[in-house]
Amino acid sequence: MIFPGSDPQAIQDAARCIQAGGLVGFPTETVYGLGADASSDAAVAGIFAAKGRPADHPLIVHVAEAAQVLEYASSVPPFAASLIKAFWPGPLTVILPRKPGVAAAAAGGQNSVGLRCPAHPVALAFLKACNTGVAGPSANRFGRVSPTTAQHVAGEFGDTLLVLDGGPCTVGIESSIVDCTRGRPVLLRPGVLTRDQLEAACGEPVLTKDEVLAEEGDAPRASGTLDAHYAPNAKVRLMDAAAIQAALDLLGADAAHLAVYARSIVRISSSRVVYRRMPDDALATAQQLFAVLREFDTQGVKLIWIEHPPETAEWDGVRDRLGRAAAS
């Protein structure tokens, strides 16, 4: 059931559903989330069951304001506070030491918890009405393409799930995740916020997950960081523009069940090839990426050829999602 997020009654109904231990699909600026009361392990178990997600894979707890952080975190390092001040509400998740006895199921049993305050008016109204933190991974089956419209969510879970419609997501890929539990910031998952932006905000070097793994041998588990993730039903293959054109030329008019997503203008001889041009801008590509992958699936393609994104910082989030989609 899809309800307009602009309707105050729909917001109240959704909040009551959360408070009663149910699940709600809700919009954020990044992707749509599948929400449950973060303080209820039983309610959070409903998320894992609905998604088919491993119970030790942590969720992000969404809050309406920064003041709620101390309900879940036992401490907030100064650099984490600076990141929160700079980017909340917004597409940033911070991982902080978790208060004992709080949100254990949402944290996947870890001693840390991921927290985010989304920059979407419907999400903020919903979270305020809930009067509790809402655990909310992306509202899709585990490992599949994240939803960026209410219709995507309804297509995943059917008419029994209450979904608040906040329109298409304006960011389109999940939040950047920064681990703040090691005495220094570590970027576990890139998003639209670049490493330079994060460093400028917190005044410290931001390490990557690979750098920490090389030094310390481990890193906290975090949402959406498995090697294979964000995958459509079709097989994704990342290629350079010349390889895409050479393969299309080789197949010629026989090419079928194939989609191409590329910044380059390609010559296509077959009417059975679906072509979408990738924007030259990283933010525009991020905003449409998951919707494009879902569109290809609805057209029944078996293979998706995607041009490699540029190797520049602003494309990090898109490269990350495409790399994980291709690994599935």
# chains A, B, ... in the order shown; residues from 1 in each chain; ligands from 1
>>> residues_around(residues="range 45-61 of chain A", least_positions_apart="2", cutoff="6 Å", atoms="only C-alpha atoms", output="list in words")
Ala42, Ala43, Ala106, Ala107, Gly108, Gly114, Leu115, Gly133, Val134, Ala135, Gly136, Pro137, Arg141, Phe142, Ala222 and Ser223 of chain A
>>> closest_residue(among="A:Asn131, A:Arg321, A:Ser146, A:Tyr275", to="Ser176 in chain A", atoms="only C-alpha atoms")
A:Arg321
>>> residues_around(residues="Gly300 in chain A", least_positions_apart="4", cutoff="12 Å", atoms="only C-alpha atoms", output="count of residues only")
16
>>> residues_around(residues="range 92-100 of chain A", least_positions_apart="6", cutoff="8 Å", atoms="only C-alpha atoms", output="JSON, numbers by chain")
{"A": [60, 71, 72, 73, 74, 75, 76, 80, 84, 111, 112, 113, 114, 115, 116, 117, 175, 176, 177, 178, 179, 180, 181, 193]}
>>> select_by_dssp(residues="range 137-295 of chain A", states="helix (DSSP H, G or I)", output="JSON, numbers by chain")
{"A": [150, 151, 152, 153, 154, 155, 156, 157, 195, 196, 197, 198, 199, 200, 201, 202, 209, 210, 211, 212, 213, 214, 215, 216, 241, 242, 243, 244, 245, 246, 247, 248, 249, 250, 251, 252, 253, 254, 282, 283, 284, 285, 286, 287, 288, 289, 290, 291, 292, 293, 294, 295]}
>>> closest_residue(among="A:Ala325, A:His308, A:Ser269, A:Ile18", to="Ala255 in chain A", atoms="only C-alpha atoms")
A:Ser269
>>> residues_around(residues="range 20-33 of chain A", least_positions_apart="2", cutoff="9 Å", atoms="only C-alpha atoms", output="NGL selection string")
:A and (2 or 5 or 14-18 or 35-37 or 40 or 42-44 or 46-47 or 90-91 or 118-124 or 126 or 135-140 or 146-150 or 152-154 or 161-175 or 287)
>>> closest_atom_pairs(of="range 80-125 of chain A", to="range 194-204 of chain A", cutoff="8 Å", atoms="only C-alpha atoms", output="CSV")
residue,atom,partner,partner_atom,distance
A:Ala80,CA,A:Cys202,CA,7.1
A:Ser82,CA,A:Cys202,CA,5.2
A:Leu83,CA,A:Cys202,CA,5.6
A:Ala86,CA,A:Ala201,CA,6.2
>>> write_last_selection(atoms="all heavy atoms", output="PDB file, in the first residue's frame")
ATOM      1  N   ALA A  80      34.068  12.810  14.791  1.00  0.00           N
ATOM      2  CA  ALA A  80      32.735  12.326  14.425  1.00  0.00           C
ATOM      3  C   ALA A  80      31.699  13.429  14.611  1.00  0.00           C
ATOM      4  O   ALA A  80      30.800  13.600  13.775  1.00  0.00           O
ATOM      5  CB  ALA A  80      32.368  11.109  15.252  1.00  0.00           C
ATOM      6  N   SER A  82      32.240  16.544  14.315  1.00  0.00           N
ATOM      7  CA  SER A  82      32.441  17.493  13.214  1.00  0.00           C
ATOM      8  C   SER A  82      31.787  16.998  11.930  1.00  0.00           C
ATOM      9  O   SER A  82      31.188  17.785  11.183  1.00  0.00           O
ATOM     10  CB  SER A  82      33.941  17.712  12.985  1.00  0.00           C
ATOM     11  OG  SER A  82      34.547  18.326  14.106  1.00  0.00           O
ATOM     12  N   LEU A  83      31.886  15.709  11.670  1.00  0.00           N
ATOM     13  CA  LEU A  83      31.241  15.139  10.486  1.00  0.00           C
ATOM     14  C   LEU A  83      29.729  15.262  10.578  1.00  0.00           C
ATOM     15  O   LEU A  83      29.048  15.614   9.597  1.00  0.00           O
ATOM     16  CB  LEU A  83      31.642  13.669  10.324  1.00  0.00           C
ATOM     17  CG  LEU A  83      33.079  13.397   9.885  1.00  0.00           C
ATOM     18  CD1 LEU A  83      33.396  11.908  10.007  1.00  0.00           C
ATOM     19  CD2 LEU A  83      33.307  13.872   8.446  1.00  0.00           C
ATOM     20  N   ALA A  86      28.671  18.796   9.954  1.00  0.00           N
ATOM     21  CA  ALA A  86      28.830  19.222   8.562  1.00  0.00           C
ATOM     22  C   ALA A  86      27.814  18.587   7.621  1.00  0.00           C
ATOM     23  O   ALA A  86      27.364  19.239   6.669  1.00  0.00           O
ATOM     24  CB  ALA A  86      30.252  18.890   8.094  1.00  0.00           C
TER      25      ALA A  86
END
>>> atom_distance(atom1="CA of Tyr261 in chain A", atom2="CA of Ala313 in chain A")
20.5 Å
>>> residues_around(residues="Asp280 in chain A", least_positions_apart="4", cutoff="9 Å", atoms="only C-alpha atoms", output="list of chain:residue names")
A:Arg263, A:Ala284, A:Thr285
>>> residues_around(residues="Ala327 in chain A", least_positions_apart="2", cutoff="9 Å", atoms="only C-alpha atoms", output="list in words")
Asp227, Ala228, His229, Ala231, Val236, Arg237, Leu322, Gly323, Arg324 and Ala325 of chain A
>>> select_by_dssp(residues="range 208-321 of chain A", states="strand (DSSP E or B)", output="JSON, numbers by chain")
{"A": [208, 231, 235, 236, 237, 238, 239, 258, 259, 260, 261, 262, 273, 274, 275, 276, 277, 303, 304, 305, 306, 307]}
>>> atom_distance(atom1="CA of Val301 in chain A", atom2="CA of Ala253 in chain A")
16.0 Å
>>> atom_distance(atom1="CA of Met239 in chain A", atom2="CA of Ile306 in chain A")
6.0 Å
